[in-house]
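A.B. asks: Got a structure here, written out as structure tokens. Questions coming.
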Amino acid sequence: MSNHLFDAFRSRMPAPDRLLMETDDGRSLTYGDMLARSAQLAHALLQLDVEPGDRVAVQVEKSPEAVLLYLACVRAGAVFLPLNTAYTLTELGYFFEDAAPRVIVCDPAKSADIARMIEPSGAVVVTLDRNGQGSLTDQASRQSSDFHDVQRGKDDLAAILYTSGTTGRSKGAMLSHGNLASNARVLVEQWRFTSGDVLIHALPIFHTHGLFVATNVILMAGASMLFEQKFDPIRIVSLLPRATALMGVPTFYTRLLQQDGLDRQAARNIRLFVSGSAPLLAETHRAWRERTGHAILERYGMTETNMNTSNPYDGERRAGTVGFPLPGTALRIADPDTARPLAQGEVGMIEVKGPNVFSGYWRMPEKTKAEFRADGFFITGDLGMVDADGYVHIVGRGKDLIISGGYNIYPKELESEIDALDGVAESAVIGIAHPDFGEGVTAVVVRTPGSRITGAEILGAIAGRLAKYKHPKRVIFVDELPRNTMGKVQKNLLRDAYKDLYAS
Ligand code: MLC
Ligand code: AMP
């Protein structure tokens, strides 16, 4: 039977004894192990009555088993729904209600709370731990290591990834087998991955970057990865001589530059450093080149579209740009209001179309419609321009979004929480240049008359409700927020006023 995405991996699979991954706690997994164990997990999913198209929501720590579970979902025809391990129970409640998963896979510490929370929905809650009796891994160990992959075509869903929305509710981006397979194939070709490559994988695997860019590219190339639980710059420098490639968010590169051991000698075996998910400062690009002799290759993507553009493998990797549209992806710059295509050099909305672009938001036809043009181009929300040589520059965002260390934070979500507190009249949450995270989440708050609410009290109130990475790094109190004549808060004035807040 044909299973579009897994067949694509299978077609490039090396000999069964080739290494797929080695972990920082000394475990290794070959391609043969991957085939057998993902088959066992796929059987275990079917035993839980998972049917094609059913969602399997997964909030677990990074591990080989988590990757195997992703592949098992693909093979069983299920829709993999990974969730950031930082999400609180409050945040999870929304995702479970919206996605209505058949199975929820979580860490043992959370399973009782989650089971209680979703009780009426009928979803099954299981854990993935290696030693736990009754865990999915345990159930899988008794299954056959042969599995007939469930038939899935290129338009069938492989995954749903939630992305926060500018106006509140998170939206589930529906990604098909074809979206993932086509993008991985293009990236393998563009970045010249072969079965001889060894990638340092230190990204989380619940977002596009770590899961679809890094992991899918490795599977599609039949290559190997050094699979790190966390990003630890000292350890990454020590791993460089054993690897040929590294993919990271800009914070990886700025933190690595602080390591004395980072030099040409350490990077002697590396052929490619890739950066994405947030803007890489031209200054970081230059410093990296000086220290290692390598020009970082910057690319641009998003959850809804996978990767859209990349700097060239051969040819100039131009600092401050995200390179050229990938083969098969059409990119244009349009007037955000009228959709009129703009000329080269003009700044406007980046719009994209291609096999990489998702089919829509889960159960949100209206929101889906609003973010596509009539001719099928997706409106990214990023503002950019194309220079005379065809390089795409991202010059800003048309959406109120903060990117901190590669994670997206929508101010609206924080503002709603803060505004609801006693003693707060209103708030504006902004991103301010931050030397480590790129942008630092900052809350500017107006107290109600007579209120003495403190920053610590505000942070205390959102702890347990919102994931830690979303929390403001600073809370600033002001008498009033600047507004334009329409009454809209002028966040640009606030960003200007506090631009040096985190300057080191
Ligand atoms: C952790 N913290 C963060 C944070 N990460 N705060 C803001 N922004 C972040 N990104 C919090 C922690 O909870 C902690 O709080 C404090 O900050 C310091 O933590 P740390 O130990 O320094 O953080 P660390 O665990 O080292 O994580 C930093 C990081 C991580 C950069 C390694 O954030 C990371 O892996 N980012 C990658 C995100 C990613 O994969 N994005 C891709 C999205 S896909 P406290 O108070 O407890 O000390 C996408 C599409 C595309 O965007 O194009 O790729
Ligand atoms: P996400 O919704 O988490 O997938 O984040 C996608 C957003 O990250 C994009 O819409 C961009 O705003 C941003 N992004 C990704 N890569 C880059 C890059 N190389 N430079 C600037 N912004 C980027």
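Labels used: A, B, ... for chains in the order of the structure tokens, numbers from 1 for residues in each chain, and numbers from 1 for ligands as shown.
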Taking only C-alpha atoms and all ligand atoms into account, list the residues no farther than 6 Å from ligand 1, as a list in words.

C.D. replies: Leu203, Pro204, His207, Thr208, His209, Gly210, Phe231, Val249, Thr251, Gly276, Ser277, Tyr300, Gly301, Met302, Thr303, Ser404, Gly405, Gly406, Tyr407, Phe437, Lys468 and Tyr469 of chain A

A.B. asks: Residues at most 12 Å from Pro312 in chain A, counting only C-alpha atoms, excluding those fewer than 6 positions away in the same chain, as a CSV table (one decimal) with N, CA and C atoms, in the first residue's frame?

C.D. replies:
```csv
chain,number,residue,atom,x,y,z
A,187,LEU,N,14.8,20.5,0.3
A,187,LEU,CA,15.8,20.9,1.2
A,187,LEU,C,17.0,20.0,1.0
A,189,GLU,N,18.0,18.4,-1.5
A,189,GLU,CA,18.7,18.8,-2.8
A,189,GLU,C,19.4,20.1,-2.7
A,190,GLN,N,18.7,21.1,-2.2
A,190,GLN,CA,19.3,22.5,-2.1
A,190,GLN,C,20.5,22.5,-1.2
A,191,TRP,N,20.4,21.8,-0.1
A,191,TRP,CA,21.5,21.9,0.9
A,191,TRP,C,22.5,20.7,0.8
A,192,ARG,N,22.3,19.9,-0.3
A,192,ARG,CA,23.2,18.8,-0.6
A,192,ARG,C,23.4,17.8,0.5
A,272,LEU,N,28.1,22.7,6.6
A,272,LEU,CA,26.9,23.6,6.5
A,272,LEU,C,26.4,24.0,7.9
A,274,VAL,N,23.1,26.2,9.3
A,274,VAL,CA,21.9,26.7,8.8
A,274,VAL,C,21.2,27.5,10.0
A,295,ALA,N,30.2,30.8,6.2
A,295,ALA,CA,29.0,31.7,6.1
A,295,ALA,C,27.8,30.9,6.4
A,296,ILE,N,27.1,31.4,7.5
A,296,ILE,CA,25.8,30.7,7.9
A,296,ILE,C,24.8,30.8,6.7
A,297,LEU,N,24.1,29.7,6.4
A,297,LEU,CA,23.1,29.8,5.4
A,297,LEU,C,21.8,30.1,6.1
A,298,GLU,N,21.2,31.3,5.8
A,298,GLU,CA,19.9,31.6,6.4
A,298,GLU,C,18.8,31.3,5.5
A,299,ARG,N,17.7,30.8,6.1
A,299,ARG,CA,16.5,30.4,5.3
A,299,ARG,C,15.3,30.9,6.0
A,318,ARG,N,24.0,35.9,1.5
A,318,ARG,CA,24.0,37.3,1.8
A,318,ARG,C,23.4,37.6,3.2
A,319,ALA,N,24.3,38.1,4.1
A,319,ALA,CA,23.8,38.4,5.4
A,319,ALA,C,22.7,39.4,5.4
A,321,THR,N,19.7,38.7,4.6
A,321,THR,CA,18.6,38.2,3.6
A,321,THR,C,18.3,36.8,3.9
A,322,VAL,N,17.2,36.3,3.3
A,322,VAL,CA,16.8,34.9,3.5
A,322,VAL,C,16.9,34.2,2.1
A,323,GLY,N,17.6,34.8,1.2
A,323,GLY,CA,17.9,34.1,-0.1
A,323,GLY,C,16.8,34.1,-1.1
A,324,PHE,N,16.7,33.0,-1.9
A,324,PHE,CA,15.8,33.0,-3.0
A,324,PHE,C,14.6,32.0,-2.7
A,325,PRO,N,13.5,32.2,-3.4
A,325,PRO,CA,12.4,31.2,-3.2
A,325,PRO,C,12.9,29.8,-3.6
A,326,LEU,N,12.5,28.8,-2.8
A,326,LEU,CA,12.9,27.4,-3.1
A,326,LEU,C,12.3,27.0,-4.4
A,327,PRO,N,12.9,26.0,-5.2
A,327,PRO,CA,12.3,25.5,-6.4
A,327,PRO,C,10.9,25.0,-6.1
A,390,GLY,N,17.6,39.5,-6.6
A,390,GLY,CA,16.6,38.4,-6.4
A,390,GLY,C,16.6,37.9,-4.9
A,391,TYR,N,17.5,38.4,-4.1
A,391,TYR,CA,17.5,38.0,-2.7
A,391,TYR,C,16.2,38.6,-2.0
A,392,VAL,N,15.6,37.7,-1.1
A,392,VAL,CA,14.4,38.2,-0.4
A,392,VAL,C,14.9,38.8,1.0
```

A.B. asks: Counting only C-alpha atoms and all ligand atoms, which of A:Asp496, A:Asp382, A:Glu415, A:Glu480 gets nearest to ligand 2?

C.D. replies: A:Asp382

A.B. asks: What lies within 7 Å of Asp156 in chain A using only C-alpha atoms, ignoring chain neighbours under 4 positions off, as JSON, numbers by chain?

C.D. replies: {"A": [152, 176, 177]}

A.B. asks: For Phe252 in chain A, please output as number ranges by chain all residues within 12 Å (counting only C-alpha atoms; exclusion window: fewer than 6 positions along the same chain).

C.D. replies: A: 200-203, 230-234, 236-237, 246, 258-259, 273-278, 280, 284, 288, 296, 405-406, 435-438

A.B. asks: Nearest residue to Arg27 in chain A out of A:Leu128, A:Met225, A:Glu97, A:Arg317, using only C-alpha atoms?

C.D. replies: A:Met225

A.B. asks: Ranking A:Glu351, A:Asp155, A:Glu304, A:Asp500 by minimum distance to ligand 2 and counting only C-alpha atoms and all ligand atoms, which one comes first?

C.D. replies: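 Nearest candidate to ligand 2 out of A:Glu351, A:Asp155, A:Glu304, A:Asp500: A:Glu304.
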
A.B. asks: Give me the residues near range 100-117 of chain A as a list in words, where near means some atom within 7 Å (using only C-alpha atoms) and where sequence neighbours in that chain fewer than 2 positions away do not count.

C.D. replies: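 Contacts, with the query itself left out: Val50, Asp54, Arg55, Val56, Ala57, Val58, Gln59, Val60, Phe96, Glu97, Asp98, Glu119, Ala123, Val124, Val125, Val126, Thr127 and Leu128 of chain A.
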
A.B. asks: Could the residues in this selection be written to a file with N, CA and C atoms, as a short mmCIF file (atom, residue, chain, number, x, y, z; two decimals), in the first residue's frame?

C.D. replies:
```cif
data_model
loop_
_atom_site.label_atom_id
_atom_site.label_comp_id
_atom_site.auth_asym_id
_atom_site.auth_seq_id
_atom_site.Cartn_x
_atom_site.Cartn_y
_atom_site.Cartn_z
N VAL A 50 -7.04 3.80 16.91
CA VAL A 50 -6.72 4.97 16.08
C VAL A 50 -7.05 4.64 14.63
N ASP A 54 -7.39 10.25 12.51
CA ASP A 54 -7.51 10.57 13.94
C ASP A 54 -6.27 11.34 14.40
N ARG A 55 -6.49 12.29 15.32
CA ARG A 55 -5.37 13.06 15.86
C ARG A 55 -4.73 12.36 17.05
N VAL A 56 -3.40 12.33 17.06
CA VAL A 56 -2.66 11.81 18.21
C VAL A 56 -1.88 12.99 18.76
N ALA A 57 -2.33 13.51 19.90
CA ALA A 57 -1.68 14.69 20.49
C ALA A 57 -0.53 14.22 21.38
N VAL A 58 0.61 14.88 21.26
CA VAL A 58 1.81 14.39 21.92
C VAL A 58 2.55 15.52 22.63
N GLN A 59 2.64 15.42 23.96
CA GLN A 59 3.45 16.40 24.69
C GLN A 59 4.45 15.60 25.53
N VAL A 60 5.61 15.35 24.94
CA VAL A 60 6.62 14.54 25.65
C VAL A 60 8.00 15.16 25.48
N PHE A 96 -6.65 20.35 23.29
CA PHE A 96 -7.37 19.07 23.32
C PHE A 96 -8.82 19.27 22.91
N GLU A 97 -9.39 20.34 23.36
CA GLU A 97 -10.79 20.57 23.02
C GLU A 97 -10.95 20.85 21.51
N ASP A 98 -10.02 21.65 20.99
CA ASP A 98 -10.12 22.04 19.58
C ASP A 98 -9.83 20.87 18.64
N GLU A 119 -11.66 14.06 30.71
CA GLU A 119 -12.49 12.89 31.00
C GLU A 119 -13.70 12.70 30.06
N ALA A 123 -11.05 10.51 24.96
CA ALA A 123 -9.68 10.29 24.45
C ALA A 123 -8.93 9.37 25.42
N VAL A 124 -8.00 8.62 24.87
CA VAL A 124 -7.18 7.74 25.70
C VAL A 124 -5.90 8.47 26.05
N VAL A 125 -5.50 8.42 27.33
CA VAL A 125 -4.25 9.08 27.73
C VAL A 125 -3.20 8.00 28.02
N VAL A 126 -2.07 8.08 27.34
CA VAL A 126 -0.98 7.11 27.58
C VAL A 126 0.33 7.85 27.72
N THR A 127 1.33 7.15 28.28
CA THR A 127 2.66 7.75 28.39
C THR A 127 3.61 7.03 27.43
N LEU A 128 4.80 7.56 27.32
CA LEU A 128 5.74 7.01 26.32
C LEU A 128 7.01 6.50 27.01
#
```

A.B. asks: Please indicate the distance in Å from CA of Leu240 in chain A to CA of Leu19 in chain A, rounded to one decimal place.

C.D. replies: 17.6 Å
